[in-house]
file model_8.txt (compact mmCIF, C-alpha atoms and all ligand atoms)
# COMPACT_ATOMS: atom_id res chain seq x y z
CA MET A 21 -15.21 8.16 4.68
CA LYS A 22 -16.43 7.18 8.14
CA ASP A 23 -13.76 6.17 10.65
CA GLY A 24 -13.60 2.45 11.24
CA ILE A 25 -12.69 -0.78 9.52
CA HIS A 26 -14.49 -1.38 6.25
CA LEU A 27 -14.55 -4.93 4.95
CA ASP A 28 -14.99 -5.66 1.23
CA PHE A 29 -14.23 -2.04 0.43
CA ASP A 30 -13.68 -1.34 -3.26
CA GLU A 31 -10.00 -0.87 -4.01
CA ARG A 32 -10.41 2.02 -6.45
CA LEU A 33 -12.70 3.80 -4.02
CA TYR A 34 -10.03 3.32 -1.37
CA HIS A 35 -7.30 4.83 -3.57
CA ASN A 36 -9.21 7.66 -5.23
CA GLY A 37 -12.06 8.40 -2.81
CA PRO A 38 -15.70 8.75 -3.84
CA PRO A 39 -16.58 11.23 -6.60
CA CYS A 40 -18.32 14.45 -5.60
CA SER A 41 -22.07 14.87 -5.81
CA GLU A 42 -21.44 18.12 -7.71
CA ASP A 43 -20.32 18.00 -11.33
CA ASN A 44 -17.44 20.41 -10.81
CA GLY A 45 -15.87 18.17 -8.15
CA HIS A 46 -14.86 18.40 -4.50
CA LYS A 47 -14.26 21.75 -2.90
CA PHE A 48 -12.24 20.99 0.21
CA ALA A 49 -11.72 23.38 3.12
CA PHE A 50 -11.24 23.11 6.88
CA ASP A 51 -14.49 23.10 8.83
CA ASP A 52 -15.02 24.35 12.40
CA ASP A 53 -13.85 21.01 13.82
CA GLY A 54 -10.54 21.23 11.94
CA ARG A 55 -11.55 18.60 9.40
CA PHE A 56 -10.68 19.00 5.75
CA VAL A 57 -14.03 18.33 4.10
CA CYS A 58 -15.80 19.03 0.81
CA SER A 59 -18.38 21.81 1.14
CA HIS A 60 -20.52 20.16 -1.55
CA CYS A 61 -20.81 16.56 -0.40
CA GLY A 62 -19.22 16.48 3.07
CA GLU A 63 -16.59 13.91 2.07
CA GLU A 64 -13.39 14.23 4.10
CA GLU A 65 -9.98 13.99 2.49
CA SER A 66 -7.75 11.23 3.87
CA ILE A 67 -4.12 10.36 3.26
CA SER A 68 -2.43 6.96 2.96
CA LYS A 69 1.12 5.85 3.63
CA SER A 70 2.02 6.07 -0.05
CA GLY A 71 0.63 9.60 -0.13
CA LEU A 72 2.67 10.59 2.91
CA TRP A 73 5.75 8.98 1.44
CA ASP A 74 5.31 10.85 -1.86
CA LEU A 75 4.89 14.09 0.04
CA TYR A 76 7.80 13.52 2.42
CA GLY A 77 10.22 11.48 0.31
CA ARG A 78 9.70 13.49 -2.86
CA THR A 79 7.73 16.72 -2.63
CA PRO A 80 4.20 17.90 -1.74
CA ARG A 81 3.71 18.60 -5.47
CA HIS A 82 4.29 14.93 -6.27
CA TYR A 83 1.60 13.98 -3.80
CA ARG A 84 -0.96 16.61 -4.78
CA PHE A 85 -0.68 16.29 -8.51
CA ALA A 86 -0.20 12.55 -8.86
CA PRO A 87 -2.48 11.10 -11.53
CA PRO A 88 -5.46 9.12 -10.17
CA LYS A 89 -4.81 5.42 -9.78
CA GLU A 90 -6.38 3.66 -12.70
CA HIS A 91 -7.16 0.02 -13.11
CA MET A 92 -4.08 -1.53 -14.69
CA PRO A 93 -4.49 -5.10 -15.89
CA HIS A 94 -0.84 -6.00 -15.28
CA LEU A 95 -1.34 -5.25 -11.57
CA ASP A 96 -4.11 -7.84 -11.46
CA PHE A 97 -1.47 -10.54 -11.55
CA GLY A 98 0.05 -9.24 -8.30
CA LYS A 99 -3.38 -9.03 -6.73
CA ALA A 100 -4.18 -12.59 -7.80
CA LEU A 101 -0.86 -13.77 -6.37
CA HIS A 102 -1.80 -12.21 -3.02
CA LEU A 103 -5.00 -14.20 -3.06
CA ALA A 104 -3.41 -17.45 -4.23
CA VAL A 105 -0.81 -17.38 -1.45
CA LEU A 106 -2.69 -15.87 1.48
CA GLU A 107 -6.38 -16.45 0.74
CA PRO A 108 -6.52 -19.59 -1.42
CA GLU A 109 -10.27 -20.01 -1.07
CA LEU A 110 -10.88 -16.50 -2.33
CA PHE A 111 -8.52 -17.12 -5.22
CA GLU A 112 -10.69 -20.03 -6.33
CA THR A 113 -13.78 -17.84 -6.57
CA LYS A 114 -12.21 -14.57 -7.72
CA ALA A 115 -9.51 -15.47 -10.23
CA VAL A 116 -10.60 -16.44 -13.73
CA GLN A 117 -8.34 -18.04 -16.31
CA GLY A 118 -8.60 -15.98 -19.51
CA PRO A 119 -7.20 -16.23 -23.06
CA VAL A 120 -3.46 -16.51 -23.78
CA ASP A 121 -3.12 -12.72 -24.25
CA ARG A 122 -5.10 -9.48 -23.95
CA ARG A 123 -5.48 -8.90 -27.67
CA GLY A 124 -8.68 -8.71 -29.67
CA ASN A 125 -12.24 -9.76 -29.09
CA LYS A 126 -11.43 -12.90 -27.15
CA TRP A 127 -10.12 -10.80 -24.25
CA LYS A 128 -13.01 -8.30 -24.50
CA ASP A 129 -15.55 -11.12 -24.43
CA ALA A 130 -13.83 -12.75 -21.47
CA LEU A 131 -13.84 -9.41 -19.60
CA GLY A 132 -17.55 -9.04 -20.32
CA ALA A 133 -18.24 -12.49 -18.92
CA ILE A 134 -16.61 -12.12 -15.49
CA GLU A 135 -18.55 -11.00 -12.46
CA ASP A 136 -17.96 -7.80 -10.54
CA GLY A 137 -14.96 -8.25 -8.25
CA GLN A 138 -13.47 -11.11 -10.23
CA ILE A 139 -9.98 -10.89 -11.69
CA LEU A 140 -9.33 -11.95 -15.27
CA LEU A 141 -5.82 -13.25 -15.89
CA ILE A 142 -4.06 -14.27 -19.05
CA SER A 143 -3.77 -18.02 -19.10
CA ASP A 144 -0.07 -18.32 -18.16
CA ASN A 145 -0.41 -15.89 -15.25
CA TYR A 146 -3.26 -17.96 -13.87
CA ASP A 147 -1.11 -21.09 -13.93
CA ASP A 148 1.81 -19.17 -12.41
CA CYS A 149 -0.37 -18.29 -9.41
CA TYR A 150 -0.57 -21.98 -8.52
CA THR A 151 3.16 -22.44 -8.97
CA VAL A 152 3.91 -19.44 -6.76
CA GLN A 153 1.37 -20.70 -4.22
CA SER A 154 2.92 -24.15 -3.93
CA GLU A 155 6.45 -22.74 -3.74
CA ALA A 156 5.53 -20.07 -1.19
CA TRP A 157 3.78 -22.61 0.99
CA LYS A 158 7.05 -24.49 1.33
CA HIS A 159 8.00 -21.64 3.63
CA PRO A 160 6.64 -22.74 7.03
CA VAL A 161 5.62 -19.21 8.06
CA VAL A 162 3.61 -18.68 4.88
CA LYS A 163 2.01 -22.10 5.10
CA LYS A 164 0.83 -21.33 8.61
CA LEU A 165 -0.62 -17.96 7.56
CA ALA A 166 -2.66 -19.57 4.80
CA THR A 167 -4.41 -21.81 7.30
CA GLU A 168 -5.26 -19.11 9.88
CA THR A 169 -8.53 -17.21 10.00
CA SER A 170 -7.64 -13.76 8.81
CA ILE A 171 -8.97 -10.44 7.58
CA PHE A 172 -7.97 -9.84 3.98
CA GLU A 173 -7.57 -6.35 2.50
CA ALA A 174 -9.82 -4.45 4.88
CA SER A 175 -9.70 -0.67 4.66
CA ALA A 176 -9.17 1.28 7.87
CA PHE A 177 -9.94 4.98 8.33
CA TRP A 178 -9.09 6.96 11.43
CA HIS A 179 -8.22 10.44 12.64
CA HIS A 180 -4.64 11.12 13.64
CA GLU A 181 -4.91 12.53 17.12
CA ARG A 182 -2.36 15.34 17.10
CA THR A 183 -3.10 16.85 13.67
CA GLY A 184 -6.78 15.87 13.45
CA LEU A 185 -6.26 14.70 9.87
CA GLN A 186 -7.94 11.62 8.48
CA CYS A 187 -5.65 8.77 7.49
CA ARG A 188 -6.30 5.45 5.83
CA CYS A 189 -4.57 2.10 5.37
CA ARG A 190 -5.34 -1.22 3.75
CA PRO A 191 -3.33 -4.11 5.22
CA ASP A 192 -3.02 -7.19 3.03
CA LEU A 193 -3.72 -9.50 5.93
CA VAL A 194 -4.47 -9.25 9.63
CA VAL A 195 -4.35 -12.45 11.67
CA PRO A 196 -6.15 -11.61 14.93
CA LYS A 197 -5.22 -14.83 16.75
CA MET A 198 -1.52 -14.18 16.13
CA LYS A 199 -1.85 -10.39 16.71
CA LEU A 200 -0.07 -10.12 13.41
CA MET A 201 -0.20 -7.86 10.38
CA VAL A 202 1.18 -9.14 7.08
CA ASP A 203 2.19 -7.35 3.93
CA LEU A 204 2.90 -9.40 0.85
CA LYS A 205 5.24 -8.04 -1.78
CA THR A 206 6.08 -9.59 -5.11
CA THR A 207 9.52 -8.79 -6.46
CA ALA A 208 12.23 -9.85 -8.89
CA ASP A 209 14.78 -10.15 -6.05
CA ALA A 210 13.88 -11.01 -2.45
CA SER A 211 17.49 -11.15 -1.20
CA ALA A 212 18.20 -9.44 2.10
CA TRP A 213 20.52 -6.89 0.45
CA ASN A 214 17.97 -5.89 -2.15
CA TRP A 215 15.04 -5.97 0.24
CA ALA A 216 16.66 -3.68 2.81
CA ARG A 217 17.27 -1.05 0.14
CA THR A 218 13.78 -1.43 -1.33
CA ALA A 219 12.19 -1.14 2.12
CA GLY A 220 14.13 2.06 2.80
CA ASN A 221 13.50 3.54 -0.66
CA LEU A 222 9.77 2.87 -0.65
CA GLY A 223 9.18 3.69 3.02
CA TYR A 224 8.05 0.28 4.19
CA HIS A 225 9.17 1.22 7.69
CA VAL A 226 6.62 4.05 7.58
CA GLN A 227 4.01 1.53 6.50
CA GLU A 228 4.59 -0.59 9.58
CA GLY A 229 4.22 2.32 12.00
CA MET A 230 1.22 3.85 10.28
CA TYR A 231 -0.66 0.59 9.72
CA THR A 232 -0.13 -0.69 13.25
CA GLU A 233 -1.31 2.54 14.81
CA GLY A 234 -4.11 3.09 12.31
CA TRP A 235 -5.60 -0.37 12.57
CA ASN A 236 -5.92 0.01 16.31
CA LYS A 237 -7.27 3.59 16.12
CA ALA A 238 -9.83 2.47 13.53
CA GLY A 239 -11.17 -0.07 16.00
CA GLY A 240 -9.20 -3.20 15.12
CA ASP A 241 -7.72 -5.44 17.80
CA PRO A 242 -4.14 -4.33 18.48
CA THR A 243 -1.42 -6.16 16.56
CA GLU A 244 2.01 -6.79 18.04
CA ALA A 245 4.04 -7.85 15.03
CA PHE A 246 4.36 -6.90 11.38
CA ILE A 247 5.97 -9.11 8.78
CA PHE A 248 6.70 -8.75 5.08
CA VAL A 249 6.27 -11.86 2.96
CA VAL A 250 8.44 -11.26 -0.09
CA ILE A 251 7.82 -13.52 -3.05
CA GLU A 252 9.84 -13.80 -6.23
CA GLN A 253 7.67 -13.92 -9.34
CA LYS A 254 10.08 -15.94 -11.45
CA ALA A 255 11.56 -19.44 -11.18
CA PRO A 256 12.70 -20.77 -8.78
CA PHE A 257 10.00 -18.68 -7.02
CA CYS A 258 11.84 -18.30 -3.69
CA THR A 259 10.13 -16.65 -0.72
CA ALA A 260 11.66 -14.72 2.17
CA VAL A 261 9.93 -13.35 5.26
CA TYR A 262 11.30 -10.23 6.93
CA GLU A 263 10.48 -8.05 9.91
CA LEU A 264 11.97 -4.69 10.78
CA PRO A 265 13.84 -4.18 14.04
CA PRO A 266 12.09 -1.87 16.55
CA HIS A 267 14.37 1.11 15.85
CA ALA A 268 13.48 1.08 12.11
CA ALA A 269 9.78 0.94 12.94
CA GLU A 270 10.30 3.85 15.34
CA GLU A 271 12.03 5.84 12.57
CA GLY A 272 8.97 5.09 10.42
CA ARG A 273 6.63 6.47 13.07
CA MET A 274 8.73 9.64 13.36
CA VAL A 275 8.62 10.12 9.58
CA MET A 276 4.86 9.66 9.65
CA GLU A 277 4.46 12.40 12.28
CA ARG A 278 6.73 14.79 10.38
CA ALA A 279 5.01 14.08 7.07
CA LEU A 280 1.56 14.66 8.59
CA ASP A 281 2.74 18.06 9.88
CA ARG A 282 3.95 18.92 6.41
CA TYR A 283 0.69 17.75 4.86
CA LYS A 284 -1.28 19.93 7.25
CA GLU A 285 0.86 22.97 6.45
CA CYS A 286 0.21 22.40 2.75
CA LEU A 287 -3.53 22.01 3.26
CA GLU A 288 -3.68 25.18 5.34
CA SER A 289 -1.64 27.29 2.94
CA ASN A 290 -2.82 25.50 -0.21
CA LYS A 291 0.80 25.58 -1.34
CA TRP A 292 2.28 22.39 -2.79
CA PRO A 293 5.94 23.06 -3.52
CA GLY A 294 8.08 20.87 -5.77
CA TYR A 295 11.89 20.72 -5.61
CA PRO A 296 13.81 23.76 -4.29
CA GLU A 297 14.18 26.63 -6.76
CA ARG A 298 17.89 27.11 -6.07
CA VAL A 299 21.12 25.22 -6.57
CA VAL A 300 21.33 22.43 -4.01
CA GLU A 301 24.70 21.01 -2.97
CA LEU A 302 24.34 17.24 -3.02
CA ASP A 303 26.94 14.70 -1.94
CA ILE A 304 27.22 11.23 -3.42
CA PRO A 305 26.22 8.39 -1.06
CA LYS A 306 28.84 7.21 1.44
CA PHE A 307 29.22 3.84 -0.26
CA SER A 308 30.16 5.54 -3.56
CA TYR A 309 33.45 6.79 -2.09
CA ARG A 310 36.20 4.41 -3.27
CA GLU A 311 39.43 6.41 -3.46
CA SER A 312 38.94 8.59 -0.40
CA GLU A 313 37.17 8.47 2.92
CA PRO A 314 33.67 9.97 2.96
CA PRO A 315 33.38 12.97 5.27
CA GLU A 316 31.85 12.30 8.66
CA LEU A 317 28.40 13.81 9.00
ZN ZN B 1 -17.49 16.72 -2.80
call {"tool": "encode", "arguments": {"input": "model_8.txt", "output": "structure tokens"}}
result
Amino acid sequence: MKDGIHLDFDERLYHNGPPCSEDNGHKFAFDDDGRFVCSHCGEEESISKSGLWDLYGRTPRHYRFAPPKEHMPHLDFGKALHLAVLEPELFETKAVQGPVDRRGNKWKDALGAIEDGQILLISDNYDDCYTVQSEAWKHPVVKKLATETSIFEASAFWHHERTGLQCRCRPDLVVPKMKLMVDLKTTADASAWNWARTAGNLGYHVQEGMYTEGWNKAGGDPTEAFIFVVIEQKAPFCTAVYELPPHAAEEGRMVMERALDRYKECLESNKWPGYPERVVELDIPKFSYRESEPPEL
């Protein structure tokens, strides 16, 4: 994909990349400029934050052999919630209230009747979007975001300077006037305790570093802040807004650099190792020690 910011970019194309012009698929290799491109169609491979996090936080094998992201109807609810809360006008045109469930011909007919780009929701989910919207807007920060002119789900592609590899990101919302990037997460539990663990486990600190840098490199106006709007999907539909302290964002940037190095090594060697093939000594986490003091690291 060409470097730059692509508006209205298809989500599946973003996640899976375009198919190859040849029937037997892409044949990637490094070209003379150090770019990892397909010798059939010229498409360049790019990596996202979730790819880097799979590769770094789990193993290169988990990244390389992950199944392609398919369209999953239950994820449409989350997508519709994003729209309802952050882009209410888009929600009105894109979300369609469907039958009470996804069974039988009624659902098939409803799917056939929607336009390309629209989201079909089961009836209750559609109503829930309005409930979540009105509850989330009680949070003054969220209410303000919904009234600002913003860029919703643009896809950014850029080349990472040091490694020369192409990266991509897709921020939920960029608010140029506020120099702000926003990520919306829906969750069962938005408490600070749970959120901090989730953010660490899923590498949201890496997301902040990569998205902020990438957006700017791809040609977007620089952003100065990054916030997570965390919305609970069940009554009483509470919302919390979090930002990471600078040292956590810096850790995220360091992980990104390290993970990109690892990715490049794997591309060059075409080796995608899984877990170590030996016995690994593994301590329990510090907080699991109850009867004795954990050893100092
Ligand atoms: Zn190709």
call {"tool": "axis_aligned_box", "arguments": {"input": "model_8.txt", "around": "range 112-115 of chain A", "padding_each_side": "4 Å", "output": "lines of an AutoDock Vina configuration file"}}
result
center_x = -11.6
center_y = -17.3
center_z = -8.3
size_x = 12.3
size_y = 13.5
size_z = 11.9
call {"tool": "closest_atom_pairs", "arguments": {"input": "model_8.txt", "of": "chain A", "to": "ligand ZN 1 (chain B)", "cutoff": "6 Å", "atoms": "all atoms listed in the file", "output": "Markdown table"}}
result
| residue | atom | partner | partner_atom | distance |
| --- | --- | --- | --- | --- |
| A:Cys40 | CA | B:ZN1 | ZN | 3.7 |
| A:Ser41 | CA | B:ZN1 | ZN | 5.8 |
| A:Gly45 | CA | B:ZN1 | ZN | 5.8 |
| A:His46 | CA | B:ZN1 | ZN | 3.6 |
| A:Lys47 | CA | B:ZN1 | ZN | 6.0 |
| A:Cys58 | CA | B:ZN1 | ZN | 4.6 |
| A:His60 | CA | B:ZN1 | ZN | 4.8 |
| A:Cys61 | CA | B:ZN1 | ZN | 4.1 |
| A:Glu63 | CA | B:ZN1 | ZN | 5.7 |
call {"tool": "residues_around", "arguments": {"input": "model_8.txt", "residues": "range 98-107 of chain A", "least_positions_apart": "5", "cutoff": "10 Å", "atoms": "all atoms listed in the file", "output": "ChimeraX atom specification"}}
result
/A:93,112,114-116,138-141,145-146,148-157,162-173,192-193,202-207,249,251,253
call {"tool": "atom_distance", "arguments": {"input": "model_8.txt", "atom1": "CA of Glu301 in chain A", "atom2": "CA of Asp74 in chain A"}}
result
21.9 Å
call {"tool": "closest_residue", "arguments": {"input": "model_8.txt", "among": "A:Thr183, A:Ser70, A:Thr218, A:Asn125", "to": "Glu288 in chain A", "atoms": "all atoms listed in the file"}}
result
A:Thr183
call {"tool": "atom_distance", "arguments": {"input": "model_8.txt", "atom1": "CA of His179 in chain A", "atom2": "CA of Val195 in chain A"}}
result
23.2 Å
call {"tool": "residues_around", "arguments": {"input": "model_8.txt", "residues": "range 128-131 of chain A", "least_positions_apart": "4", "cutoff": "9 Å", "atoms": "all atoms listed in the file", "output": "VMD selection string"}}
result
chain A and resid 118 to 119 122 to 124 135 139 to 140
call {"tool": "atom_distance", "arguments": {"input": "model_8.txt", "atom1": "CA of Trp292 in chain A", "atom2": "CA of Leu72 in chain A"}}
result
13.1 Å
call {"tool": "residues_around", "arguments": {"input": "model_8.txt", "residues": "Gly240 in chain A", "least_positions_apart": "6", "cutoff": "12 Å", "atoms": "all atoms listed in the file", "output": "MDAnalysis selection string"}}
result
chainID A and resid 23:27 171 174:178 191 194:196 199:201 231:234
call {"tool": "closest_residue", "arguments": {"input": "model_8.txt", "among": "A:His180, A:Glu64, A:Phe248, A:Leu280", "to": "Val161 in chain A", "atoms": "only C-alpha atoms"}}
result
A:Phe248
call {"tool": "closest_residue", "arguments": {"input": "model_8.txt", "among": "A:Ala238, A:Asp30, A:Pro256, A:Gly272", "to": "Asp136 in chain A", "atoms": "all atoms listed in the file"}}
result
A:Asp30
call {"tool": "closest_residue", "arguments": {"input": "model_8.txt", "among": "A:Ala269, A:Glu181, A:Cys187, A:Ala255", "to": "Ala219 in chain A", "atoms": "all atoms listed in the file"}}
result
A:Ala269
call {"tool": "residues_near_point", "arguments": {"input": "model_8.txt", "point": "(10.5, 8.7, 10.9)", "cutoff": "6 Å", "atoms": "all atoms listed in the file", "output": "PyMOL selection string"}}
result
chain A and resi 271-276
call {"tool": "closest_residue", "arguments": {"input": "model_8.txt", "among": "A:Tyr283, A:Tyr34, A:Tyr224, A:Phe246", "to": "Tyr83 in chain A", "atoms": "all atoms listed in the file"}}
result
A:Tyr283
call {"tool": "closest_residue", "arguments": {"input": "model_8.txt", "among": "A:His225, A:Glu65, A:Gly137, A:Trp73", "to": "Asp51 in chain A", "atoms": "only C-alpha atoms"}}
result
A:Glu65
call {"tool": "residues_near_point", "arguments": {"input": "model_8.txt", "point": "(12.2, 22.6, -7.2)", "cutoff": "12 Å", "atoms": "only C-alpha atoms", "output": "number ranges by chain"}}
result
A: 78-82, 292-300
call {"tool": "residues_around", "arguments": {"input": "model_8.txt", "residues": "Pro88 in chain A", "least_positions_apart": "4", "cutoff": "10 Å", "atoms": "only C-alpha atoms", "output": "list in words"}}
result
Arg32, His35, Asn36 and Gly37 of chain A
